[in-house]
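Q: Have a look at this one.
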Amino acid sequence: MFKKNLALLLVLVMVVASFAGCAAKPAEPVTEGTPETPVVEEPVVKNLTWNLGSEPLTIDPGLNAASDGGDMINNMFEGLMREVNGELQPAMAESYTVSDDQIVYTFTLRDALWSDGQPVTANDFEYAWTRVLDPATASEYSWIFGEANVDTFRAIDEKTFEVTLAAPTPYFLGLTGFYTFFPVREDSVVQGPDGSWAINPEASIVNGPFYLSEYKTGDKIVLAKNENYWQADKVMLDTIEAFMIVDATTALTAYETGELDVIDNMPAEDMPRLMAEDDTFYILPMDGVYYYSFNTTVEPLDNELVRKAMSYAIDRTAIVDAMNGGQLPAVNMVSPASRDADGNVFSEKAGAYVPADGSGVAEAQALLAEAGYPNGEGFPVLEILYNTSEGHKMVAEIIQEMWKTNLGIDITLTNQEWAVFQTTRTNGEFQIAREGWIGDYSDPMTYLGMFVTDGAMNHTAWSSPDYDALLDASKTAAPADRFNMLYEALDILMASNALMPIYVYTDSLMVANNVIGWEKTSRNVFWFGFADLQ
Amino acid sequence: MADNKISKDMWERVDMSTLDKEVISRPSLTYWQDAWRRLKKNHLSMIGLFFIFILALLAILGPFFSNFTYSDQNLELSNIPPTMEIYQIDENNYVFMNKEYKLVDVTADGHVNSRLKPVEDNMIGKYRSYEIAGNEVVVDYTFAIAAKNSGDPDAKKFEVQLNGTPISVYDKVFNKTFWFGTDGLGRDLYIRVLFGARISLLIALVATLVNFFIGVLYGGVSGYAGGKIDNVMMRIVDVIATVPLLLYVILLMVIFEPGLKTIMIAIGTVYWVSMARIVRGQILSIKEQEFVLAARTLGASTWRILVRHLIPNAMGPIIVSLAMMIPSAIFTEAFLSFIGLGVNAPQASWGTLANDAVAGLRSYPYQLFFPATFISITVLAFNFLGDGLRDALDPRLRK
């Protein structure tokens, strides 16, 4: 009986399921002799299509820590200052005053509106900054307030915002244009404090040139012009479609067929061709260094000689040649974007700590022999850990082969997905890990600050009290002394060879000829506020 | 009783030719001899078998006859295609221009020497000048942008000038140093494709062994035993079959290191499942037939009935599904490697080679062509062979 019922039930389920496929079609209206609709000339919608790459982890200004999210946020929100045409201009702040000791900044806000028509007040800034610093928010970038030496901040009244620094900080003003310092609206954030408010078009309230009109996970983000933006008259684009095409080849194809106006990742193999044949291909300098971390708690990487030998044994010029993107060999841990108090390029004056080409191989072999591993004999098999990507794989494969040929040591390669990789690296469960750092402001401190003892980005476990003391002292020192201390700190850092600088990033992108007025800031962030389509 | 005497005419000699009637004139063939004889008649299968044999031979011996190993890099000689258009500078000097508009020193018959260092590399003026044996050679690619914007694929993109006068292509030669060309790191593709063949054939071997020794026996036992044992065994199979292979591999990666070993374990744990089901179904239908009853009556053991009587009679479907499974195992490995879960660099399997090549497909299509061709032909060869084996091994088709 049970079996029979079961069979009946099954039949019933199948019959019902088969009907599920047949949805009732709406009866089509039968009209005879459709009346002629008058041709109305539709206003041309200026829509910029842009490939964002992978889906951003978040587009919440307070939580974001990645460049793709930064690109979105920069076009949706606005901080006290904004970099336009390479110059720092007052944005939400109409004007500001600085106390004589360079400690107290007082910003007077302009009469700007949020996208829902409410005024932007100093309280919005106070709320946003407090939120980032609240450990419960778990912002990955809250430490930047420490690096900016922000001591206290408060809203004096609706339109006045005061920031007190712990010490004069030349790069503080520039950082107010960085997304972590952007204002957010409390009534908007509470609708999804984990960052989900930012991707919900109904909850998201912005003060920048474009508001979020549509968010399709894994597909695209659509931004539309914010009529309440304080300089909305200068905003020419009606909409921006940011696609999430991960594959560089697909993105390039879409660009070449005209489906995308702006792309910023393309296959390394195609770069030489694009460089020669395409006048819409740009290579811009970028303030960032690509490097490897040695885990200094693992044998034999705890030996300074071994680390130095490994760092000397690679040919950085050959690597950048193979990369094809116009990158420069990195010979220390600071990119050439920062200058010292006398206007010298910091990294140039500091000089080369590791060979830029393959000239250090003989010395590297001698060092490895001195460390007790002549010709790599007895050297354990080490592992390079990198996050899954064609480019990282290529660099790792080149270095693997260089170490094998030049030092006789065997290396295995392991790749992990980005999210897993970050956790593994933070937990120090690696021997050699791929790293990259894009400077947050034009100062060597953005690099050197990472490697203090127990620094959030110091994965090497290397630590030096002298180094920590120098960086601490530099925060309150006069500019000239400050840079001398930073030079000295770089000496200590590079002498440890806990890090192996490889190359200085470049930013390659393609922008169709009909897009004008687009911009990349000195932080390599897109700014489409004043862009237009022809 | 007088007639008891046998008359002489009764002792007549029998004609010898009548004895021949009892002789088995056809040579007696064993089961496998007959299968082989019938397989030989199937030309496509023989082509497939021949290809697999040659491939196995190349995979094992090929690397010994090459000057390169699969990991040797020569960053200067990256992305050199298997056929090169060369230019003649003088009687002893020939150059090849790569897609990056850089010149490589080659010989007239196609041996690659080294990349030439330009005297001047002007990125803005879009030309490079070289000095080769006292001659000034200029590669001028100023037309490239206009050519691209014109949309005409045949538009002139560059000019190679020898001492000021444009020269044309001297000859199109095969690359004698790197038969299949080189990849983005200047590694020899030929040796890497052969190395990939080793991995693919190893996977094919593992898949076959696992299918045969686990799948066939498991299904056979389950089907022959029947009842509760059958029920329990098949539920286990159901559980294994419901978890997708990709998930297995990812989970295994957590325990073991990513690499070939993990893929083999994954294939080993999963691939016998559908085979077990097929064999069980066959056994269920055969075990009630008279010849099994006869064998049992004669006192054959369960094992003997299973191995000598039941499984050979189910061989047709087994071979068919095996034929489908080997290529799918090869393909699975290629796929897993393609999405980055496969062998570790610098090792190469066909999947990783194809994956590496996809990024540069527009500029260097040959890098995808070779691994893709080998994957296709190998999978096809196994399919042909399986097809032929099915016809040859089926005892019911025996003539």
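Letters A, B, ... go to the chains of the structure tokens in the order shown; residues in each chain start at 1; ligands are counted from 1 in the same order.
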Any idea which chain A residues end up within 10 Å of chain B if we count only C-alpha atoms, as a PyMOL selection string please?

A: chain A and resi 247-250+252-253+266-280+318-319+321-324+388-390+393-398+400-402+405+412-417

Q: Can you tell me which residues surround Phe77 of chain A at a distance of at most 10 Å, considering only C-alpha atoms, apart from same-chain residues fewer than 4 positions away, and format the answer as an MDAnalysis selection string?

A: chainID A and resid 60:61 72:73 92 114 177 179 182:184 205:211 229

Q: My list of candidates is B:Tyr87, B:Phe369, B:Trp32, B:Trp350. Which is closest to Pro166 of chain B when distances are computed with only C-alpha atoms?

A: B:Tyr87

Q: What's the separation between atom CA of Ser66 of chain B and atom CA of Ile191 of chain B, in Å to one decimal place?

A: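 Interatomic distance here is 7.4 Å.
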
Q: Considering only C-alpha atoms, can you say which of B:Trp179, B:Val14, B:Leu389, B:Val119 comes closest to Arg192 of chain B?

A: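 Nearest to Arg192 of chain B: B:Trp179.
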
Q: Which residue, A:Leu367, A:Val334, A:Ile411, A:Val262, has the smallest gap to Leu448 of chain A when you use only C-alpha atoms?

A: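 So, comparing all the options, the nearest one is A:Val334.
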
Q: I'd like the neighbourhood of Val320 of chain B as a PyMOL selection string, where a residue qualifies if any of its atoms comes within 7 Å (using only C-alpha atoms), though same-chain residues fewer than 3 positions away should be ignored.

A: chain B and resi 316-317+323-324+386-387+390

Q: If you run DSSP on the backbone, which residues of segment 94-327 of chain B are strand (DSSP E or B), as a ChimeraX atom specification?

A: /B:94-97,103-106,112-115,120-122,127-132,135-140,159-162,165-167,171-174,182,188

Q: Write the residues of the preceding selection, restricted to N, CA and C atoms, as a short mmCIF file (atom, residue, chain, number, x, y, z; two decimals), in the first residue's frame.

A:
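Listed below is the output, part_2.cif:
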data_model
loop_
_atom_site.label_atom_id
_atom_site.label_comp_id
_atom_site.auth_asym_id
_atom_site.auth_seq_id
_atom_site.Cartn_x
_atom_site.Cartn_y
_atom_site.Cartn_z
N TYR B 94 70.56 36.54 -41.15
CA TYR B 94 69.12 36.58 -41.38
C TYR B 94 68.45 36.98 -40.09
N VAL B 95 67.35 37.70 -40.18
CA VAL B 95 66.63 38.07 -38.96
C VAL B 95 65.16 37.71 -39.09
N PHE B 96 64.56 37.50 -37.93
CA PHE B 96 63.13 37.28 -37.84
C PHE B 96 62.57 38.40 -36.97
N MET B 97 61.43 38.99 -37.38
CA MET B 97 60.84 40.04 -36.56
C MET B 97 59.64 39.46 -35.82
N LEU B 103 63.79 42.33 -33.40
CA LEU B 103 64.47 41.41 -34.32
C LEU B 103 65.19 40.30 -33.56
N VAL B 104 65.14 39.10 -34.15
CA VAL B 104 65.81 37.95 -33.58
C VAL B 104 66.75 37.40 -34.65
N ASP B 105 67.97 37.08 -34.22
CA ASP B 105 68.97 36.57 -35.13
C ASP B 105 68.67 35.10 -35.43
N VAL B 106 68.47 34.76 -36.71
CA VAL B 106 68.17 33.38 -37.08
C VAL B 106 69.08 32.96 -38.23
N VAL B 112 67.14 29.32 -34.44
CA VAL B 112 67.04 30.59 -33.72
C VAL B 112 68.29 30.77 -32.89
N ASN B 113 68.94 31.92 -33.01
CA ASN B 113 70.16 32.16 -32.22
C ASN B 113 69.89 33.00 -30.98
N SER B 114 69.64 34.30 -31.16
CA SER B 114 69.43 35.14 -29.99
C SER B 114 68.69 36.39 -30.40
N ARG B 115 68.18 37.11 -29.41
CA ARG B 115 67.51 38.36 -29.73
C ARG B 115 68.57 39.43 -29.90
N GLU B 120 69.19 51.81 -31.18
CA GLU B 120 68.29 52.84 -30.71
C GLU B 120 66.87 52.27 -30.68
N ASP B 121 66.19 52.51 -29.55
CA ASP B 121 64.82 52.02 -29.42
C ASP B 121 63.95 53.23 -29.14
N ASN B 122 63.34 53.76 -30.18
CA ASN B 122 62.58 54.99 -30.04
C ASN B 122 61.09 54.68 -29.99
N TYR B 127 60.25 53.49 -33.93
CA TYR B 127 61.17 52.69 -34.74
C TYR B 127 62.29 52.16 -33.86
N ARG B 128 62.90 51.07 -34.31
CA ARG B 128 64.06 50.52 -33.64
C ARG B 128 65.13 50.36 -34.70
N SER B 129 66.36 50.77 -34.35
CA SER B 129 67.42 50.54 -35.33
C SER B 129 68.46 49.60 -34.75
N TYR B 130 68.97 48.73 -35.61
CA TYR B 130 69.93 47.71 -35.23
C TYR B 130 71.15 47.84 -36.12
N GLU B 131 72.27 47.34 -35.62
CA GLU B 131 73.43 47.25 -36.49
C GLU B 131 73.79 45.78 -36.62
N ILE B 132 73.70 45.27 -37.83
CA ILE B 132 73.98 43.86 -38.04
C ILE B 132 75.07 43.75 -39.09
N ASN B 135 75.67 46.64 -41.25
CA ASN B 135 74.51 47.20 -41.93
C ASN B 135 73.57 47.84 -40.92
N GLU B 136 72.93 48.91 -41.35
CA GLU B 136 71.94 49.51 -40.47
C GLU B 136 70.56 48.96 -40.83
N VAL B 137 69.92 48.34 -39.85
CA VAL B 137 68.59 47.78 -40.09
C VAL B 137 67.61 48.54 -39.20
N VAL B 138 66.56 49.08 -39.82
CA VAL B 138 65.58 49.83 -39.06
C VAL B 138 64.22 49.16 -39.18
N VAL B 139 63.57 48.95 -38.03
CA VAL B 139 62.19 48.47 -38.03
C VAL B 139 61.32 49.67 -37.74
N ASP B 140 60.55 50.07 -38.72
CA ASP B 140 59.72 51.27 -38.60
C ASP B 140 58.26 50.84 -38.52
N GLU B 159 57.69 48.40 -41.63
CA GLU B 159 58.62 48.32 -42.74
C GLU B 159 59.98 47.95 -42.17
N VAL B 160 60.65 47.03 -42.79
CA VAL B 160 62.02 46.71 -42.38
C VAL B 160 62.95 47.33 -43.42
N GLN B 161 63.81 48.22 -42.96
CA GLN B 161 64.68 48.92 -43.90
C GLN B 161 66.12 48.47 -43.70
N LEU B 162 66.75 48.14 -44.82
CA LEU B 162 68.17 47.77 -44.79
C LEU B 162 68.94 48.90 -45.42
N THR B 165 66.74 51.31 -47.42
CA THR B 165 65.75 50.86 -48.40
C THR B 165 64.91 49.73 -47.82
N PRO B 166 63.61 49.80 -48.02
CA PRO B 166 62.74 48.76 -47.48
C PRO B 166 63.05 47.41 -48.13
N ILE B 167 63.06 46.35 -47.31
CA ILE B 167 63.26 45.00 -47.87
C ILE B 167 62.02 44.17 -47.59
N ASP B 171 62.10 34.66 -46.91
CA ASP B 171 61.63 33.27 -46.96
C ASP B 171 60.75 33.02 -45.74
N LYS B 172 59.90 32.01 -45.88
CA LYS B 172 59.13 31.57 -44.72
C LYS B 172 59.63 30.19 -44.34
N VAL B 173 60.21 30.08 -43.16
CA VAL B 173 60.84 28.81 -42.78
C VAL B 173 60.23 28.27 -41.50
N PHE B 174 60.39 26.97 -41.33
CA PHE B 174 59.96 26.34 -40.08
C PHE B 174 61.02 26.57 -39.01
N THR B 182 57.85 28.89 -28.98
CA THR B 182 58.09 29.06 -27.54
C THR B 182 56.93 29.80 -26.91
N ASP B 188 60.35 25.87 -24.54
CA ASP B 188 60.06 25.13 -25.76
C ASP B 188 58.70 24.44 -25.65
#

Q: Env of Asn123 of chain A: 12 Å cut, atoms = only C-alpha atoms, seq-sep filter 6 positions within chain, self excluded. Answer as a list of chain:residue names.

A: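 Near Asn123 of chain A, the qualifying residues are A:Leu109, A:Trp129, A:Thr130, A:Arg131, A:Phe153, A:Arg154, A:Ala155, A:Ile156, A:Asp157, A:Glu158, A:Lys159, A:Thr160, A:Phe161, A:Glu162, A:Pro183, A:Val184, A:Arg185, A:Glu186.
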
Q: Record the distance separating atom CA of Val292 of chain B and atom CA of Leu310 of chain B, expressed in Å with one decimal.

A: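 Computed distance, atom CA of Val292 of chain B to atom CA of Leu310 of chain B, equals 7.8 Å.
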
Q: With only C-alpha atoms as the basis for distance, which of A:Leu173, A:Val381, A:Val420, A:Ala341 is at the shortest distance from Val98 of chain A?

A: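 Counting only C-alpha atoms, the residue closest to Val98 of chain A is A:Leu173.
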
Q: Can you check which residues of segment 166-372 of chain A DSSP gives as helix (DSSP H, G or I) on the backbone and send them as a compact mmCIF listing (two decimals) with N, CA and C atoms, in the first residue's frame?

A:
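The resulting file, part_14.txt, is reproduced below:
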# COMPACT_ATOMS: atom_id res chain seq x y z
N PHE A 172 48.59 65.06 5.25
CA PHE A 172 47.24 64.88 5.80
C PHE A 172 46.17 65.43 4.87
N LEU A 173 46.42 66.63 4.33
CA LEU A 173 45.39 67.27 3.52
C LEU A 173 45.05 66.40 2.30
N GLY A 174 46.07 65.82 1.70
CA GLY A 174 45.84 64.95 0.55
C GLY A 174 44.99 63.74 0.93
N LEU A 175 45.20 63.24 2.15
CA LEU A 175 44.45 62.06 2.58
C LEU A 175 42.97 62.34 2.78
N TYR A 179 39.33 57.61 0.24
CA TYR A 179 37.97 57.15 0.55
C TYR A 179 37.70 56.88 2.02
N THR A 180 38.71 56.46 2.79
CA THR A 180 38.43 56.16 4.20
C THR A 180 37.98 57.42 4.95
N PHE A 181 38.33 58.59 4.42
CA PHE A 181 38.00 59.85 5.08
C PHE A 181 36.72 60.48 4.52
N GLU A 186 24.42 58.65 8.30
CA GLU A 186 24.10 57.65 9.32
C GLU A 186 22.82 56.89 8.99
N ASP A 187 21.76 57.63 8.56
CA ASP A 187 20.48 56.96 8.30
C ASP A 187 20.58 56.02 7.09
N SER A 188 21.61 56.23 6.27
CA SER A 188 21.83 55.33 5.15
C SER A 188 22.60 54.08 5.61
N VAL A 189 23.63 54.32 6.42
CA VAL A 189 24.50 53.21 6.84
C VAL A 189 23.77 52.22 7.73
N SER A 196 26.41 46.49 3.27
CA SER A 196 25.37 46.15 2.29
C SER A 196 24.53 47.38 1.93
N TRP A 197 24.55 48.42 2.77
CA TRP A 197 23.81 49.64 2.41
C TRP A 197 24.37 50.24 1.12
N ALA A 198 25.69 50.08 0.94
CA ALA A 198 26.34 50.76 -0.18
C ALA A 198 25.96 50.15 -1.52
N ILE A 199 25.55 48.87 -1.52
CA ILE A 199 25.20 48.24 -2.79
C ILE A 199 23.69 48.15 -2.96
N ALA A 232 27.02 69.93 -10.27
CA ALA A 232 26.34 69.05 -11.23
C ALA A 232 26.36 69.64 -12.64
N ASP A 233 26.47 70.96 -12.76
CA ASP A 233 26.49 71.57 -14.09
C ASP A 233 27.73 71.16 -14.88
N LYS A 234 28.77 70.72 -14.17
CA LYS A 234 29.99 70.31 -14.87
C LYS A 234 29.97 68.81 -15.20
N ALA A 248 40.80 39.12 -18.74
CA ALA A 248 41.39 40.25 -19.45
C ALA A 248 41.19 40.14 -20.96
N THR A 249 41.24 38.90 -21.48
CA THR A 249 41.07 38.72 -22.93
C THR A 249 39.66 39.11 -23.35
N THR A 250 38.68 38.70 -22.56
CA THR A 250 37.29 39.04 -22.86
C THR A 250 37.10 40.55 -22.83
N ALA A 251 37.69 41.19 -21.82
CA ALA A 251 37.54 42.64 -21.69
C ALA A 251 38.15 43.35 -22.90
N LEU A 252 39.33 42.86 -23.31
CA LEU A 252 39.99 43.49 -24.46
C LEU A 252 39.14 43.32 -25.72
N THR A 253 38.57 42.15 -25.90
CA THR A 253 37.70 41.91 -27.05
C THR A 253 36.52 42.87 -27.02
N ALA A 254 35.91 43.00 -25.84
CA ALA A 254 34.76 43.91 -25.72
C ALA A 254 35.17 45.34 -26.01
N TYR A 255 36.36 45.70 -25.60
CA TYR A 255 36.85 47.06 -25.87
C TYR A 255 37.05 47.26 -27.37
N GLU A 256 37.67 46.27 -27.99
CA GLU A 256 37.99 46.43 -29.41
C GLU A 256 36.75 46.40 -30.29
N ALA A 268 49.09 40.48 -20.67
CA ALA A 268 50.48 40.93 -20.85
C ALA A 268 50.97 40.63 -22.26
N GLU A 269 50.49 39.51 -22.81
CA GLU A 269 50.94 39.10 -24.14
C GLU A 269 50.55 40.11 -25.21
N ASP A 270 49.45 40.85 -24.96
CA ASP A 270 48.97 41.77 -25.99
C ASP A 270 49.55 43.17 -25.85
N MET A 271 50.23 43.42 -24.71
CA MET A 271 50.67 44.79 -24.46
C MET A 271 51.64 45.34 -25.51
N PRO A 272 52.66 44.56 -25.93
CA PRO A 272 53.55 45.12 -26.94
C PRO A 272 52.80 45.49 -28.22
N ARG A 273 51.84 44.65 -28.59
CA ARG A 273 51.07 44.92 -29.80
C ARG A 273 50.26 46.21 -29.60
N LEU A 274 49.60 46.33 -28.45
CA LEU A 274 48.78 47.51 -28.21
C LEU A 274 49.65 48.76 -28.15
N MET A 275 50.82 48.62 -27.53
CA MET A 275 51.72 49.75 -27.41
C MET A 275 52.10 50.28 -28.79
N ALA A 276 52.32 49.35 -29.72
CA ALA A 276 52.76 49.75 -31.04
C ALA A 276 51.60 50.18 -31.93
N GLU A 277 50.44 49.52 -31.75
CA GLU A 277 49.40 49.67 -32.76
C GLU A 277 48.21 50.48 -32.32
N GLU A 304 70.04 35.97 7.43
CA GLU A 304 70.10 37.16 6.58
C GLU A 304 70.88 36.91 5.29
N LEU A 305 71.93 36.08 5.39
CA LEU A 305 72.76 35.82 4.21
C LEU A 305 71.93 35.12 3.13
N VAL A 306 71.10 34.19 3.55
CA VAL A 306 70.28 33.46 2.59
C VAL A 306 69.32 34.43 1.89
N ARG A 307 68.68 35.29 2.68
CA ARG A 307 67.72 36.24 2.09
C ARG A 307 68.43 37.17 1.11
N LYS A 308 69.62 37.62 1.51
CA LYS A 308 70.35 38.53 0.63
C LYS A 308 70.74 37.81 -0.66
N ALA A 309 71.19 36.57 -0.51
CA ALA A 309 71.59 35.79 -1.69
C ALA A 309 70.40 35.65 -2.64
N MET A 310 69.23 35.36 -2.09
CA MET A 310 68.06 35.16 -2.95
C MET A 310 67.65 36.45 -3.64
N SER A 311 67.75 37.55 -2.90
CA SER A 311 67.36 38.83 -3.47
C SER A 311 68.36 39.28 -4.55
N TYR A 312 69.65 38.89 -4.37
CA TYR A 312 70.67 39.29 -5.34
C TYR A 312 70.65 38.41 -6.58
N ARG A 316 66.04 41.57 -12.20
CA ARG A 316 64.78 42.33 -12.21
C ARG A 316 64.48 42.92 -13.59
N THR A 317 65.55 43.27 -14.32
CA THR A 317 65.33 43.84 -15.65
C THR A 317 64.69 42.81 -16.58
N ALA A 318 65.18 41.57 -16.49
CA ALA A 318 64.61 40.52 -17.34
C ALA A 318 63.15 40.29 -16.99
N ILE A 319 62.82 40.41 -15.69
CA ILE A 319 61.43 40.20 -15.28
C ILE A 319 60.53 41.29 -15.88
N VAL A 320 60.94 42.55 -15.76
CA VAL A 320 60.06 43.60 -16.30
C VAL A 320 60.00 43.54 -17.82
N ASP A 321 61.08 43.07 -18.45
CA ASP A 321 61.04 42.88 -19.91
C ASP A 321 59.96 41.86 -20.28
N ALA A 322 59.91 40.79 -19.51
CA ALA A 322 58.92 39.75 -19.80
C ALA A 322 57.51 40.23 -19.49
N MET A 323 57.39 41.16 -18.53
CA MET A 323 56.07 41.65 -18.14
C MET A 323 55.45 42.52 -19.24
N PHE A 346 62.79 60.41 -3.58
CA PHE A 346 63.28 59.69 -2.39
C PHE A 346 64.00 58.40 -2.76
N SER A 347 63.39 57.61 -3.61
CA SER A 347 63.98 56.30 -3.88
C SER A 347 65.28 56.43 -4.68
N GLU A 348 65.38 57.51 -5.49
CA GLU A 348 66.61 57.69 -6.26
C GLU A 348 67.75 58.10 -5.35
N LYS A 349 67.46 59.03 -4.43
CA LYS A 349 68.51 59.47 -3.53
C LYS A 349 68.92 58.32 -2.60
N ALA A 350 67.97 57.53 -2.21
CA ALA A 350 68.30 56.40 -1.34
C ALA A 350 69.18 55.40 -2.06
N GLY A 358 71.00 41.34 -13.66
CA GLY A 358 71.51 40.05 -13.18
C GLY A 358 72.95 40.10 -12.69
N SER A 359 73.45 41.30 -12.36
CA SER A 359 74.88 41.42 -12.03
C SER A 359 75.22 40.92 -10.63
N GLY A 360 74.22 40.62 -9.82
CA GLY A 360 74.52 40.20 -8.46
C GLY A 360 74.65 38.70 -8.27
N VAL A 361 74.61 37.96 -9.39
CA VAL A 361 74.55 36.50 -9.27
C VAL A 361 75.79 35.92 -8.58
N ALA A 362 76.99 36.42 -8.98
CA ALA A 362 78.22 35.87 -8.39
C ALA A 362 78.24 36.11 -6.89
N GLU A 363 77.85 37.33 -6.51
CA GLU A 363 77.84 37.65 -5.09
C GLU A 363 76.82 36.79 -4.35
N ALA A 364 75.68 36.59 -5.01
CA ALA A 364 74.63 35.77 -4.40
C ALA A 364 75.13 34.36 -4.15
N GLN A 365 75.88 33.81 -5.12
CA GLN A 365 76.39 32.44 -4.94
C GLN A 365 77.37 32.39 -3.77
N ALA A 366 78.22 33.43 -3.68
CA ALA A 366 79.18 33.47 -2.57
C ALA A 366 78.45 33.56 -1.24
N LEU A 367 77.39 34.40 -1.20
CA LEU A 367 76.63 34.56 0.04
C LEU A 367 75.98 33.26 0.47
N LEU A 368 75.45 32.54 -0.51
CA LEU A 368 74.76 31.29 -0.18
C LEU A 368 75.77 30.26 0.34
N ALA A 369 76.98 30.27 -0.26
CA ALA A 369 78.03 29.36 0.21
C ALA A 369 78.43 29.72 1.64
N GLU A 370 78.50 31.03 1.89
CA GLU A 370 78.89 31.50 3.23
C GLU A 370 77.83 31.06 4.26

Q: Please provide the set of residues having any atom within 10 Å of Tyr224 of chain B, restricted to only C-alpha atoms, with same-chain residues fewer than 2 positions apart removed, written as number ranges by chain.

A: B: 219-222, 226-227, 229-230, 280-288, 302, 305-306, 310

Q: Could you write those residues out with C-alpha atoms, as a PDB file, in the first residue's frame?

A:
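See part02.pdb below for the written result:
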ATOM      1  CA  GLY B 219      29.263  -3.541  -9.511  1.00  0.00           C
ATOM      2  CA  GLY B 220      29.716  -7.261 -10.159  1.00  0.00           C
ATOM      3  CA  VAL B 221      29.628  -8.231  -6.502  1.00  0.00           C
ATOM      4  CA  SER B 222      26.695  -5.937  -5.858  1.00  0.00           C
ATOM      5  CA  GLY B 226      21.686  -8.963  -4.688  1.00  0.00           C
ATOM      6  CA  GLY B 227      19.319  -8.323  -1.824  1.00  0.00           C
ATOM      7  CA  ILE B 229      24.116  -6.313   0.186  1.00  0.00           C
ATOM      8  CA  ASP B 230      23.185  -4.880  -3.195  1.00  0.00           C
ATOM      9  CA  ARG B 280      25.497  -4.165 -11.707  1.00  0.00           C
ATOM     10  CA  GLY B 281      22.682  -3.673 -14.197  1.00  0.00           C
ATOM     11  CA  GLN B 282      24.273  -6.082 -16.660  1.00  0.00           C
ATOM     12  CA  ILE B 283      24.979  -8.714 -14.022  1.00  0.00           C
ATOM     13  CA  LEU B 284      21.402  -8.529 -12.763  1.00  0.00           C
ATOM     14  CA  SER B 285      20.094  -9.409 -16.211  1.00  0.00           C
ATOM     15  CA  ILE B 286      22.658 -12.108 -16.983  1.00  0.00           C
ATOM     16  CA  LYS B 287      22.781 -13.948 -13.685  1.00  0.00           C
ATOM     17  CA  GLU B 288      19.358 -15.530 -14.205  1.00  0.00           C
ATOM     18  CA  THR B 302      30.945 -17.707  -6.800  1.00  0.00           C
ATOM     19  CA  ILE B 305      31.082 -17.532 -11.918  1.00  0.00           C
ATOM     20  CA  LEU B 306      31.563 -13.825 -11.470  1.00  0.00           C
ATOM     21  CA  LEU B 310      29.338 -12.989 -15.767  1.00  0.00           C
TER      22      LEU B 310
END

Q: Pick the closest to Glu91 of chain B from B:Ala133, B:Ile60, B:Ile318, B:Val237: which is it, counting only C-alpha atoms?

A: B:Ala133
